[in-house]
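Printed here is protein06.txt (compact mmCIF, C-alpha atoms and all ligand atoms):
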# COMPACT_ATOMS: atom_id res chain seq x y z
CA MET I 591 -7.05 -3.14 25.97
CA ALA I 592 -3.43 -2.39 25.13
CA SER I 593 -1.75 -4.89 22.87
CA SER I 594 1.23 -5.06 25.26
CA LYS I 595 -0.70 -7.88 26.95
CA HIS I 596 0.10 -11.48 26.07
CA PRO I 597 -1.75 -13.22 23.22
CA GLU I 598 -3.75 -15.51 25.53
CA THR I 599 -5.07 -12.43 27.35
CA ILE I 600 -5.69 -10.33 24.25
CA ALA I 601 -7.70 -13.16 22.67
CA LEU I 602 -10.08 -13.14 25.66
CA HIS I 603 -10.33 -9.46 26.53
CA ALA I 604 -9.41 -7.07 23.72
CA GLY I 605 -12.20 -4.93 22.33
CA TYR I 606 -15.03 -5.99 24.63
CA ARG I 607 -15.81 -6.24 28.33
CA ALA I 608 -19.58 -6.66 28.57
CA ASP I 609 -22.46 -5.69 26.35
CA PRO I 610 -23.43 -2.11 27.33
CA THR I 611 -27.17 -2.86 27.21
CA THR I 612 -27.48 -6.36 28.64
CA THR I 613 -24.11 -6.77 30.46
CA SER I 614 -23.72 -10.07 28.60
CA VAL I 615 -20.19 -11.42 29.07
CA ALA I 616 -20.17 -13.52 25.89
CA VAL I 617 -20.06 -11.30 22.80
CA PRO I 618 -23.63 -11.24 21.45
CA ILE I 619 -24.43 -12.08 17.84
CA TYR I 620 -25.79 -8.76 16.62
CA GLN I 621 -27.98 -10.26 13.92
CA THR I 622 -29.16 -6.97 12.47
CA THR I 623 -28.80 -5.27 9.14
CA SER I 624 -29.12 -1.67 10.28
CA TYR I 625 -28.79 0.71 13.22
CA GLN I 626 -31.02 3.49 14.51
CA PHE I 627 -29.40 6.94 14.16
CA ASN I 628 -29.75 9.26 17.17
CA SER I 629 -30.52 12.27 14.99
CA THR I 630 -30.05 13.55 11.46
CA GLU I 631 -26.85 15.22 12.62
CA HIS I 632 -25.57 11.89 14.02
CA ALA I 633 -26.42 10.14 10.73
CA ALA I 634 -24.68 12.83 8.68
CA ASN I 635 -21.56 12.62 10.89
CA LEU I 636 -21.39 8.85 10.48
CA PHE I 637 -21.64 9.02 6.70
CA ALA I 638 -19.09 11.84 6.59
CA LEU I 639 -16.71 9.77 8.82
CA LYS I 640 -16.65 12.66 11.32
CA GLU I 641 -17.39 10.00 13.89
CA LEU I 642 -17.18 6.23 13.55
CA GLY I 643 -20.29 4.19 14.25
CA ASN I 644 -22.65 1.60 12.90
CA ILE I 645 -24.56 2.32 9.70
CA TYR I 646 -25.31 -0.95 7.91
CA THR I 647 -24.01 -4.52 8.42
CA ARG I 648 -22.56 -4.79 4.90
CA ILE I 649 -19.83 -2.41 6.07
CA MET I 650 -19.70 -2.94 9.85
CA ASN I 651 -21.33 -4.84 12.69
CA PRO I 652 -20.69 -4.90 16.47
CA THR I 653 -19.92 -8.65 16.55
CA GLN I 654 -17.46 -8.24 13.69
CA ALA I 655 -16.01 -5.19 15.45
CA VAL I 656 -14.95 -7.24 18.50
CA LEU I 657 -13.31 -9.83 16.26
CA GLU I 658 -11.55 -7.07 14.34
CA GLU I 659 -10.24 -5.37 17.44
CA ARG I 660 -9.02 -8.65 18.95
CA ILE I 661 -7.20 -9.79 15.84
CA ALA I 662 -5.71 -6.32 15.25
CA ALA I 663 -4.35 -6.42 18.82
CA LEU I 664 -3.07 -9.99 18.43
CA GLU I 665 -1.20 -9.06 15.27
CA GLY I 666 0.14 -5.80 16.71
CA GLY I 667 -1.81 -3.68 14.23
CA VAL I 668 -4.06 -0.64 14.64
CA ALA I 669 -7.32 -1.82 13.03
CA ALA I 670 -8.77 -4.70 11.02
CA LEU I 671 -11.48 -5.52 8.50
CA ALA I 672 -13.37 -8.82 8.68
CA LEU I 673 -14.51 -10.29 5.35
CA SER I 674 -16.46 -13.26 4.04
CA SER I 675 -13.43 -15.46 3.23
CA GLY I 676 -9.67 -15.56 3.09
CA GLN I 677 -9.90 -15.16 -0.68
CA ALA I 678 -11.86 -11.92 -0.27
CA ALA I 679 -9.21 -10.72 2.20
CA SER I 680 -6.34 -11.45 -0.24
CA LEU I 681 -8.17 -9.68 -3.06
CA PHE I 682 -9.15 -6.61 -1.00
CA ALA I 683 -5.70 -6.32 0.58
CA VAL I 684 -4.13 -5.81 -2.84
CA GLN I 685 -7.00 -4.18 -4.72
CA ASN I 686 -7.23 -1.45 -2.08
CA ILE I 687 -3.94 0.03 -3.34
CA CYS I 688 -3.48 -1.52 -6.79
CA HIS I 689 -5.55 -0.39 -9.74
CA ALA I 690 -5.69 -1.22 -13.46
CA GLY I 691 -2.27 -0.57 -14.98
CA ASP I 692 -0.46 -1.11 -11.64
CA ASN I 693 1.53 -4.14 -10.59
CA PHE I 694 2.56 -5.92 -7.41
CA VAL I 695 5.33 -8.40 -6.64
CA CYS I 696 4.38 -11.72 -5.06
CA SER I 697 6.25 -14.75 -3.76
CA THR I 698 5.93 -17.86 -5.95
CA ASP I 699 5.45 -19.78 -2.71
CA ILE I 700 1.76 -19.14 -1.95
CA TYR I 701 -1.55 -20.98 -1.59
CA GLY I 702 -2.88 -22.21 -4.96
CA GLY I 703 -6.15 -20.32 -4.62
CA THR I 704 -4.25 -17.06 -4.08
CA TRP I 705 -2.06 -17.87 -7.08
CA ASN I 706 -5.08 -18.28 -9.32
CA LEU I 707 -6.69 -15.10 -8.02
CA PHE I 708 -3.52 -13.06 -8.55
CA ALA I 709 -2.30 -14.62 -11.81
CA ASN I 710 -5.61 -14.95 -13.63
CA THR I 711 -8.57 -13.10 -12.11
CA MET I 712 -6.64 -9.96 -11.20
CA LYS I 713 -5.07 -9.98 -14.66
CA THR I 714 -8.57 -9.55 -16.08
CA MET I 715 -8.82 -6.43 -13.87
CA GLY I 716 -5.66 -5.03 -15.48
CA ILE I 717 -3.51 -5.68 -12.40
CA GLU I 718 -0.24 -7.46 -13.05
CA CYS I 719 1.14 -9.89 -10.47
CA ARG I 720 4.91 -10.37 -10.83
CA PHE I 721 5.87 -13.67 -9.23
CA VAL I 722 9.40 -13.95 -7.83
CA ASP I 723 11.31 -16.63 -5.92
CA PRO I 724 11.54 -15.58 -2.24
CA ALA I 725 14.72 -17.61 -1.74
CA ASP I 726 16.51 -14.39 -2.74
CA PRO I 727 14.70 -11.39 -1.19
CA GLU I 728 16.49 -9.10 -3.66
CA ASN I 729 14.20 -10.55 -6.37
CA PHE I 730 11.51 -8.25 -4.94
CA ARG I 731 13.68 -5.19 -5.52
CA ARG I 732 14.55 -6.31 -9.05
CA ALA I 733 10.88 -6.66 -10.01
CA THR I 734 9.90 -3.23 -8.64
CA ASP I 735 9.13 -0.22 -10.81
CA ALA I 736 7.24 3.06 -10.41
CA ARG I 737 3.86 1.28 -10.76
CA THR I 738 4.59 -1.36 -8.10
CA ARG I 739 2.08 -0.90 -5.28
CA CYS I 740 2.89 -3.71 -2.84
CA TYR I 741 4.78 -6.92 -2.08
CA TYR I 742 2.97 -10.08 -1.03
CA GLY I 743 4.13 -13.27 0.70
CA GLU I 744 2.93 -16.04 3.03
CA THR I 745 4.58 -16.55 6.43
CA LEU I 746 4.61 -20.35 6.29
CA PRO I 747 3.60 -21.58 2.84
CA ASN I 748 3.00 -25.23 2.13
CA PRO I 749 4.06 -27.64 0.68
CA LYS I 750 7.67 -26.41 0.95
CA LEU I 751 7.23 -24.96 4.45
CA ALA I 752 10.05 -22.49 3.76
CA VAL I 753 9.38 -19.45 5.96
CA PHE I 754 9.04 -16.21 3.96
CA PRO I 755 11.87 -13.71 4.57
CA ILE I 756 9.47 -11.14 6.05
CA ALA I 757 12.07 -8.88 7.65
CA GLU I 758 14.29 -8.86 4.55
CA VAL I 759 11.53 -8.13 2.02
CA ALA I 760 9.87 -5.57 4.32
CA LYS I 761 13.22 -3.75 4.58
CA ILE I 762 13.63 -3.60 0.80
CA GLY I 763 10.05 -2.35 0.53
CA ARG I 764 10.61 0.37 3.11
CA GLU I 765 13.65 1.60 1.17
CA LEU I 766 11.59 1.79 -2.04
CA GLY I 767 8.31 2.93 -0.50
CA VAL I 768 6.51 -0.36 -1.14
CA PRO I 769 4.44 -1.93 1.69
CA LEU I 770 4.64 -5.66 2.40
CA ILE I 771 1.39 -7.61 2.80
CA VAL I 772 1.76 -10.96 4.60
CA ASP I 773 -0.71 -13.83 4.60
CA ASN I 774 -0.23 -15.08 8.18
CA THR I 775 -2.91 -17.78 7.98
CA ALA I 776 -0.56 -20.65 8.86
CA ALA I 777 1.26 -18.98 11.75
CA PRO I 778 -1.06 -17.01 14.06
CA ILE I 779 0.44 -16.57 17.58
CA LEU I 780 3.81 -17.93 16.35
CA CYS I 781 4.54 -14.98 14.10
CA ARG I 782 3.61 -11.29 14.17
CA PRO I 783 4.68 -10.10 10.71
CA ILE I 784 4.07 -6.44 11.62
CA GLU I 785 6.89 -6.66 14.20
CA HIS I 786 9.19 -7.71 11.35
CA GLY I 787 8.25 -4.70 9.22
CA ALA I 788 5.16 -5.88 7.33
CA ALA I 789 2.61 -3.11 6.74
CA ILE I 790 -0.49 -5.27 6.36
CA THR I 791 -1.35 -8.83 7.35
CA MET I 792 -4.27 -11.02 6.39
CA HIS I 793 -5.69 -14.34 7.54
CA SER I 794 -8.04 -16.93 6.28
CA THR I 795 -9.86 -17.15 9.64
CA THR I 796 -11.32 -20.38 8.25
CA LYS I 797 -8.16 -22.14 9.45
CA TYR I 798 -6.54 -21.80 12.90
CA ILE I 799 -8.56 -18.82 14.15
CA GLY I 800 -11.86 -20.66 13.68
CA GLY I 801 -10.00 -23.86 14.47
CA HIS I 802 -13.00 -26.16 14.42
CA GLY I 803 -13.73 -26.41 10.72
CA THR I 804 -17.13 -24.72 10.90
CA SER I 805 -16.93 -21.32 9.18
CA ILE I 806 -15.36 -19.56 6.20
CA GLY I 807 -13.96 -16.08 6.84
CA GLY I 808 -11.06 -13.70 6.33
CA ILE I 809 -9.55 -10.61 7.88
CA ILE I 810 -7.09 -7.85 6.95
CA VAL I 811 -5.02 -6.08 9.62
CA ASP I 812 -3.56 -2.61 9.10
CA GLY I 813 -0.19 -2.25 10.85
CA GLY I 814 -0.59 1.54 10.90
CA ASN I 815 3.18 1.70 10.34
CA PHE I 816 3.42 2.67 6.66
CA ASP I 817 3.76 6.32 5.71
CA TRP I 818 1.33 6.61 2.77
CA GLU I 819 1.74 10.39 2.64
CA LYS I 820 5.51 10.21 2.30
CA HIS I 821 5.02 7.99 -0.75
CA ALA I 822 2.16 10.01 -2.20
CA GLN I 823 3.43 9.53 -5.78
CA ARG I 824 3.09 5.77 -5.46
CA PHE I 825 -0.26 5.90 -3.67
CA PRO I 826 -2.49 8.44 -5.41
CA MET I 827 -5.51 6.37 -4.32
CA LEU I 828 -4.80 7.34 -0.70
CA ASN I 829 -3.53 10.86 -1.31
CA THR I 830 -5.83 12.39 -3.92
CA PRO I 831 -9.59 12.99 -3.77
CA ASP I 832 -11.59 9.77 -4.11
CA PRO I 833 -14.56 10.40 -6.42
CA SER I 834 -16.34 7.36 -4.96
CA TYR I 835 -16.54 9.04 -1.51
CA HIS I 836 -17.33 12.67 -2.36
CA GLY I 837 -13.68 13.57 -2.77
CA ALA I 838 -12.31 12.17 0.48
CA VAL I 839 -8.50 12.09 0.65
CA TRP I 840 -7.97 8.99 2.77
CA THR I 841 -4.70 10.01 4.43
CA GLN I 842 -6.38 13.25 5.59
CA ALA I 843 -10.04 12.29 6.10
CA VAL I 844 -9.47 9.99 9.07
CA LYS I 845 -6.24 11.40 10.46
CA PRO I 846 -7.75 12.33 13.86
CA LEU I 847 -8.80 8.68 14.26
CA GLY I 848 -5.24 7.33 13.90
CA PRO I 849 -3.10 5.83 11.12
CA ILE I 850 -6.00 3.91 9.60
CA ALA I 851 -6.20 5.41 6.08
CA TYR I 852 -5.63 2.05 4.35
CA ILE I 853 -8.15 0.00 6.32
CA ILE I 854 -10.90 2.63 6.41
CA LYS I 855 -10.68 3.00 2.64
CA ALA I 856 -11.00 -0.78 2.22
CA ARG I 857 -14.10 -0.76 4.43
CA VAL I 858 -16.00 2.21 3.10
CA THR I 859 -15.19 1.76 -0.59
CA LEU I 860 -14.31 -1.89 -1.46
CA LEU I 861 -16.52 -3.57 1.12
CA ARG I 862 -19.32 -1.06 0.50
CA ASP I 863 -19.20 -1.75 -3.25
CA ILE I 864 -18.35 -5.44 -3.45
CA GLY I 865 -20.17 -6.57 -0.31
CA ALA I 866 -17.99 -9.52 0.77
CA ALA I 867 -19.12 -9.08 4.40
CA MET I 868 -18.59 -11.62 7.18
CA SER I 869 -21.89 -12.72 8.71
CA PRO I 870 -22.38 -11.81 12.39
CA PHE I 871 -22.80 -15.51 13.18
CA ASN I 872 -19.45 -16.39 11.62
CA ALA I 873 -17.83 -13.48 13.46
CA PHE I 874 -19.19 -15.02 16.69
CA MET I 875 -17.76 -18.42 15.73
CA PHE I 876 -14.34 -16.86 15.11
CA ILE I 877 -14.48 -15.07 18.48
CA GLN I 878 -15.10 -18.46 20.09
CA GLY I 879 -12.14 -19.83 18.16
CA LEU I 880 -9.88 -16.96 19.18
CA GLU I 881 -10.44 -17.67 22.88
CA THR I 882 -8.49 -20.96 22.65
CA LEU I 883 -6.27 -20.08 19.68
CA ALA I 884 -3.01 -19.77 21.62
CA LEU I 885 -3.60 -23.02 23.51
CA ARG I 886 -4.46 -24.89 20.34
CA VAL I 887 -1.64 -23.50 18.24
CA ARG I 888 0.95 -24.32 20.91
CA GLN I 889 -0.36 -27.86 21.40
CA GLN I 890 -0.56 -28.44 17.65
CA ALA I 891 2.98 -27.13 17.22
CA ALA I 892 4.28 -29.38 20.03
CA ASN I 893 2.54 -32.40 18.50
CA ALA I 894 3.91 -31.50 15.05
CA ILE I 895 7.48 -31.53 16.38
CA ARG I 896 6.95 -35.07 17.68
CA VAL I 897 5.38 -36.17 14.38
CA ALA I 898 8.26 -34.69 12.36
CA GLU I 899 10.80 -36.47 14.58
CA TYR I 900 8.95 -39.76 14.14
CA LEU I 901 8.59 -39.45 10.36
CA SER I 902 12.21 -38.39 9.85
CA LYS I 903 13.37 -41.75 11.24
CA HIS I 904 10.90 -43.95 9.36
CA PRO I 905 12.45 -46.31 6.78
CA LYS I 906 9.61 -45.88 4.25
CA ILE I 907 10.04 -42.09 4.17
CA ALA I 908 12.58 -40.44 1.88
CA ARG I 909 12.34 -36.92 3.29
CA THR I 910 10.46 -35.04 6.01
CA ILE I 911 9.60 -31.39 5.33
CA PHE I 912 9.27 -29.35 8.52
CA PRO I 913 10.79 -25.96 9.45
CA GLY I 914 12.27 -27.39 12.65
CA LEU I 915 14.27 -29.94 10.62
CA GLN I 916 15.60 -27.48 8.05
CA THR I 917 19.20 -26.32 8.00
CA GLY I 918 21.14 -23.24 6.86
CA GLU I 919 19.30 -20.10 5.73
CA LEU I 920 15.89 -21.80 5.77
CA LYS I 921 16.29 -22.71 9.44
CA ARG I 922 17.61 -19.26 10.26
CA ARG I 923 14.53 -17.66 8.68
CA ALA I 924 12.24 -20.07 10.51
CA ASP I 925 13.86 -19.32 13.87
CA ALA I 926 13.92 -15.57 13.23
CA HIS I 927 10.21 -15.37 12.40
CA LEU I 928 8.49 -18.20 14.32
CA LYS I 929 8.43 -18.16 18.11
CA GLY I 930 7.20 -21.03 20.30
CA GLY I 931 6.94 -23.65 17.57
CA TYR I 932 7.14 -24.31 13.86
CA GLY I 933 3.43 -24.60 13.12
CA ALA I 934 1.23 -27.65 12.69
CA LEU I 935 2.05 -28.51 9.09
CA VAL I 936 4.35 -31.43 8.34
CA GLY I 937 5.14 -32.79 4.87
CA PHE I 938 6.85 -36.02 3.90
CA GLU I 939 7.80 -37.92 0.79
CA LEU I 940 7.10 -41.61 0.64
CA LYS I 941 9.74 -43.73 -1.06
CA GLY I 942 6.94 -45.63 -2.80
CA GLY I 943 5.78 -42.53 -4.78
CA ARG I 944 2.25 -41.91 -6.02
CA GLU I 945 0.75 -45.34 -5.24
CA ALA I 946 2.22 -45.30 -1.74
CA GLY I 947 0.78 -41.81 -1.21
CA ARG I 948 -2.68 -42.97 -2.20
CA LYS I 949 -2.49 -46.13 -0.09
CA PHE I 950 -1.19 -44.23 2.94
CA ILE I 951 -4.14 -41.81 2.85
CA ASP I 952 -6.65 -44.63 2.39
CA SER I 953 -5.14 -46.51 5.34
CA LEU I 954 -5.49 -43.67 7.87
CA LYS I 955 -8.17 -44.36 10.47
CA MET I 956 -8.19 -41.25 12.67
CA PHE I 957 -6.78 -38.51 10.44
CA TYR I 958 -9.38 -36.84 8.23
CA HIS I 959 -8.71 -36.76 4.50
CA VAL I 960 -9.63 -33.17 3.68
CA ALA I 961 -8.38 -30.12 1.77
CA ASN I 962 -8.00 -27.96 4.87
CA ILE I 963 -5.44 -26.99 7.49
CA GLY I 964 -5.46 -25.65 11.04
CA ASP I 965 -8.33 -27.74 12.41
CA VAL I 966 -8.28 -29.17 15.96
CA ARG I 967 -8.45 -32.59 14.30
CA SER I 968 -5.46 -34.06 12.47
CA LEU I 969 -5.81 -33.84 8.69
CA ALA I 970 -3.99 -35.39 5.74
CA ILE I 971 -3.96 -34.98 1.98
CA HIS I 972 -2.00 -36.33 -1.01
CA PRO I 973 -1.54 -33.19 -3.14
CA ALA I 974 -0.38 -34.96 -6.34
CA THR I 975 -3.79 -36.61 -6.75
CA THR I 976 -5.93 -33.78 -5.28
CA THR I 977 -5.05 -30.09 -4.75
CA HIS I 978 -2.22 -30.12 -7.33
CA SER I 979 -3.68 -32.67 -9.79
CA GLN I 980 -4.43 -30.00 -12.44
CA LEU I 981 -0.72 -29.16 -12.69
CA THR I 982 1.74 -30.99 -14.95
CA ALA I 983 4.29 -33.26 -13.24
CA GLU I 984 6.93 -30.59 -13.85
CA GLU I 985 4.74 -27.82 -12.38
CA GLN I 986 3.98 -30.02 -9.38
CA LEU I 987 7.68 -30.47 -8.68
CA LYS I 988 8.25 -26.72 -8.99
CA THR I 989 5.66 -26.07 -6.28
CA GLY I 990 7.33 -28.69 -4.07
CA VAL I 991 4.88 -31.54 -4.66
CA SER I 992 6.50 -34.85 -5.59
CA ASP I 993 4.44 -37.98 -6.38
CA GLY I 994 4.90 -39.37 -2.89
CA TYR I 995 4.36 -36.09 -1.01
CA VAL I 996 1.81 -36.17 1.83
CA ARG I 997 0.77 -33.04 3.77
CA LEU I 998 -0.32 -33.35 7.38
CA SER I 999 -1.99 -30.71 9.53
CA ILE I 1000 -1.52 -31.92 13.07
CA GLY I 1001 -4.37 -31.49 15.56
CA ILE I 1002 -4.72 -31.53 19.33
CA GLU I 1003 -5.43 -35.25 19.80
CA HIS I 1004 -3.09 -37.08 22.21
CA ILE I 1005 0.29 -37.46 20.54
CA ASP I 1006 0.33 -41.24 21.13
CA ASP I 1007 -2.90 -41.62 19.15
CA ILE I 1008 -1.61 -39.42 16.33
CA LEU I 1009 1.61 -41.44 16.07
CA ALA I 1010 -0.29 -44.73 16.28
CA ASP I 1011 -2.50 -43.81 13.33
CA LEU I 1012 0.51 -42.75 11.23
CA ASP I 1013 2.34 -45.91 12.23
CA GLN I 1014 -0.43 -48.28 11.22
CA ALA I 1015 -0.96 -46.46 7.88
CA LEU I 1016 2.77 -46.64 7.10
CA ALA I 1017 2.79 -50.33 8.07
CA ALA I 1018 0.07 -50.95 5.46
CA LEU I 1019 2.40 -49.88 2.62
N1 LIG I 1101 -4.49 -18.20 2.42
C1 LIG I 1101 -4.07 -19.43 2.77
C2 LIG I 1101 -2.66 -19.60 3.26
C3 LIG I 1101 -4.93 -20.53 2.70
O1 LIG I 1101 -4.49 -21.74 3.06
C4 LIG I 1101 -6.26 -20.33 2.24
C5 LIG I 1101 -7.20 -21.45 2.11
O2 LIG I 1101 -6.82 -22.61 2.07
C6 LIG I 1101 -6.66 -19.02 1.87
C7 LIG I 1101 -5.75 -17.99 1.98
C8 LIG I 1101 -8.03 -18.75 1.37
O3 LIG I 1101 -8.92 -18.77 2.45
P1 LIG I 1101 -10.48 -19.13 2.37
O4 LIG I 1101 -10.57 -20.61 2.04
O5 LIG I 1101 -10.99 -18.77 3.73
O6 LIG I 1101 -11.06 -18.29 1.29
Take the structure from the file and write it as structure tokens.
Ligand code: PLP
Amino acid sequence: MASSKHPETIALHAGYRADPTTTSVAVPIYQTTSYQFNSTEHAANLFALKELGNIYTRIMNPTQAVLEERIAALEGGVAALALSSGQAASLFAVQNICHAGDNFVCSTDIYGGTWNLFANTMKTMGIECRFVDPADPENFRRATDARTRCYYGETLPNPKLAVFPIAEVAKIGRELGVPLIVDNTAAPILCRPIEHGAAITMHSTTKYIGGHGTSIGGIIVDGGNFDWEKHAQRFPMLNTPDPSYHGAVWTQAVKPLGPIAYIIKARVTLLRDIGAAMSPFNAFMFIQGLETLALRVRQQAANAIRVAEYLSKHPKIARTIFPGLQTGELKRRADAHLKGGYGALVGFELKGGREAGRKFIDSLKMFYHVANIGDVRSLAIHPATTTHSQLTAEEQLKTGVSDGYVRLSIGIEHIDDILADLDQALAAL
């Protein structure tokens, strides 16, 4: 189904109509490891990528394939690769085009788990992550050299909730021949980074796409809009024979199948070798999640606006952090990139600091106290004593976490009940 359809429609119909064998309307869970080849010629063609088809569930599966096609269409990309977690998706997205001795430039404003992966684990692989402040997009240009393979940023990173300048950084990258990868986990439906010039997007599907807090997963989407051949010097891994796949040159090998060199390489080399596959059952759970994603995201965003308005007027709160309440360049970036809402995340700083933060969380009755976002239920956490507790006070402040900072992920409960729970917890301080 063409991706010119609206997101609500794509999420229900893209990539699947009915199972060809059983006519099942719900996407079946293809709980199988392997697939019968029609003939030796068919098998040889599949392995040689002369035709695409199922070989083995570590590298593809029909349930995953529906999820991949739907999310690729939702994001405005050409193809996708489902993986076992968001972390696996972040790693593969970069590792696919960045080898030992190479570097990439990343926003300082990213999820802590991604930071650790990029700053420490990838360093042990010989890949250098150069962190730059996204407040000035030109910082990306300044950090670029001949071995820079990509830029990386998060659409709506918390705790600062300052929208990443996707269009600006993508434009710099296109001038220099560097593709932008965007983690769009916190803004599905609201933002389509590929439309703003990003080459690749990824999601932790664990969050909004699953939506119900049941399954860990990740996905990478190939925008199909980056000319890897034009920048052959920078991307030898896509333009010279790959010894791990009997000399395939990825920009040539799959050309008849569309502009999918990047994503096919990730599938048939990285996923083949590292094996971070999404289980068919989890793919099914994410397909269920996708069907109501647009409804949920819009309701969560509408509720979050009401919560932010309420918090911004509360006498015990020093500051409310929410894209809709920002001013100047931050607000301009938010409005340029987010459509139909500002997401479900709301931060605030309690005047009473650390102790007030703790007490507030302990006083909540309906909100769950968890290290997660994007669930249908409303969630809260006090980063200074949990997710950011390993950082020094100075480091915490740098990441935007003050002692009294509380992060909320607003759910789809009735807004009156959400506000009532916040109100009684604030009254307890
Ligand atoms: N990216 C973002 C923005 C996240 O919030 C998370 C998890 O919190 C991840 C990536 C990692 O995803 P996962 O937990 O599915 O590995």
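Comparing I:Pro597, I:Gly703, I:Pro618, I:Gly994 by their smallest distance to I:Pro870, the closest is I:Pro618 (using only C-alpha atoms).
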Would you mind listing, for every residue of chain I within 6 Å of ligand LIG 1101 (chain I), the two atoms forming the shortest contact and the distance between them in Å to one decimal, using all atoms listed in the file, sorted by chain and ascending residue number, as a Markdown table?
| residue | atom | partner | partner_atom | distance |
| --- | --- | --- | --- | --- |
| I:Ser675 | CA | I:LIG1101 | O5 | 4.1 |
| I:Gly676 | CA | I:LIG1101 | O3 | 3.4 |
| I:Gln677 | CA | I:LIG1101 | O6 | 3.9 |
| I:Tyr701 | CA | I:LIG1101 | C2 | 5.2 |
| I:Thr775 | CA | I:LIG1101 | C2 | 5.1 |
| I:Ser794 | CA | I:LIG1101 | O5 | 4.3 |
| I:Thr796 | CA | I:LIG1101 | O5 | 4.8 |
| I:Ile806 | CA | I:LIG1101 | O5 | 5.1 |
| I:Gly807 | CA | I:LIG1101 | O5 | 5.1 |
| I:Gly808 | CA | I:LIG1101 | O5 | 5.7 |
* Write out as a VMD selection string the residues lying within 9 Å of I:His689, counting only C-alpha atoms and excluding same-chain residues fewer than 4 positions away. => chain I and resid 684 to 685 693 715 to 717 739 827
Kindly provide the residues of stretch 776-853 of chain I that approach stretch 890-896 of chain I to within 12 Å, each paired with its closest atom pair and their distance in Å to one decimal, based on all atoms listed in the file, listed by chain and increasing number, as JSON lines.
{"residue": "I:Ala776", "atom": "CA", "partner": "I:Ala891", "partner_atom": "CA", "distance": 11.2}
{"residue": "I:Ala777", "atom": "CA", "partner": "I:Ala891", "partner_atom": "CA", "distance": 10.0}
{"residue": "I:Pro778", "atom": "CA", "partner": "I:Ala891", "partner_atom": "CA", "distance": 11.3}
{"residue": "I:Ile779", "atom": "CA", "partner": "I:Ala891", "partner_atom": "CA", "distance": 10.9}
{"residue": "I:Leu780", "atom": "CA", "partner": "I:Ala891", "partner_atom": "CA", "distance": 9.3}
{"residue": "I:Tyr798", "atom": "CA", "partner": "I:Gln890", "partner_atom": "CA", "distance": 10.1}
{"residue": "I:Gly801", "atom": "CA", "partner": "I:Gln890", "partner_atom": "CA", "distance": 11.0}
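Contact shell of I:Asn729 at 12 Å (all atoms listed in the file; same-chain neighbours under 3 positions omitted): Val695, Cys696, Ser697, Thr698, Arg720, Phe721, Val722, Asp723, Pro724, Ala725, Asp726, Arg732, Ala733, Thr734, Tyr741, Pro755, Glu758, Val759, Ile762 and Gly763 of chain I.
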Selection file, C-alpha atoms, as an mmCIF file, in the coordinates of the input:
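Saved to again-v6.cif:
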data_model
loop_
_atom_site.group_PDB
_atom_site.id
_atom_site.type_symbol
_atom_site.label_atom_id
_atom_site.label_comp_id
_atom_site.auth_asym_id
_atom_site.auth_seq_id
_atom_site.Cartn_x
_atom_site.Cartn_y
_atom_site.Cartn_z
ATOM 1 C CA VAL I 695 5.330 -8.400 -6.640
ATOM 2 C CA CYS I 696 4.380 -11.720 -5.060
ATOM 3 C CA SER I 697 6.250 -14.750 -3.760
ATOM 4 C CA THR I 698 5.930 -17.860 -5.950
ATOM 5 C CA ARG I 720 4.910 -10.370 -10.830
ATOM 6 C CA PHE I 721 5.870 -13.670 -9.230
ATOM 7 C CA VAL I 722 9.400 -13.950 -7.830
ATOM 8 C CA ASP I 723 11.310 -16.630 -5.920
ATOM 9 C CA PRO I 724 11.540 -15.580 -2.240
ATOM 10 C CA ALA I 725 14.720 -17.610 -1.740
ATOM 11 C CA ASP I 726 16.510 -14.390 -2.740
ATOM 12 C CA ARG I 732 14.550 -6.310 -9.050
ATOM 13 C CA ALA I 733 10.880 -6.660 -10.010
ATOM 14 C CA THR I 734 9.900 -3.230 -8.640
ATOM 15 C CA TYR I 741 4.780 -6.920 -2.080
ATOM 16 C CA PRO I 755 11.870 -13.710 4.570
ATOM 17 C CA GLU I 758 14.290 -8.860 4.550
ATOM 18 C CA VAL I 759 11.530 -8.130 2.020
ATOM 19 C CA ILE I 762 13.630 -3.600 0.800
ATOM 20 C CA GLY I 763 10.050 -2.350 0.530
#
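If you measure from each of I:Ala838, I:Leu671, I:Ala601, I:Ala873 to I:Ile619 using all atoms listed in the file, the closest one turns out to be I:Ala873.
Residue nearest I:Ile661, chosen from I:Phe950, I:Phe938, I:Phe876, I:Phe957 and counting all atoms listed in the file: I:Phe876.
Among the candidates I:Val617, I:Ala736, I:Leu928, I:Met650, the one nearest to I:Asp692 when counting only C-alpha atoms is I:Ala736.
Shortest atom-to-atom contact with I:Ala616 among I:Phe874, I:Phe825, I:Trp705, I:Tyr995: I:Phe874, counting all atoms listed in the file.
For the residues I:Asp609, I:Glu598, I:Glu765, I:Asp1013, ranking by smallest atom-to-atom distance to I:His904 using all atoms listed in the file places I:Asp1013 first.
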* Suppose you want the space between atom CA of I:His596 and atom CA of I:Ala884; what is it in Å? -> 9.9 Å
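In this structure, atom CA of I:Asn644 sits 6.2 Å away from atom CA of I:Tyr625.
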* Just how far from atom CA of I:Ala760 is atom CA of I:Thr738, in Å to one decimal? -> 14.1 Å
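Once I:Leu770 and its same-chain neighbours fewer than 6 positions away are set aside, Cys740, Tyr741, Tyr742, Gly743, Ile756, Val759, Ala760, Gly763, Arg764, Gly787, Ala788, Ala789, Ile790 and Thr791 of chain I remain within 9 Å of it when counting all atoms listed in the file.
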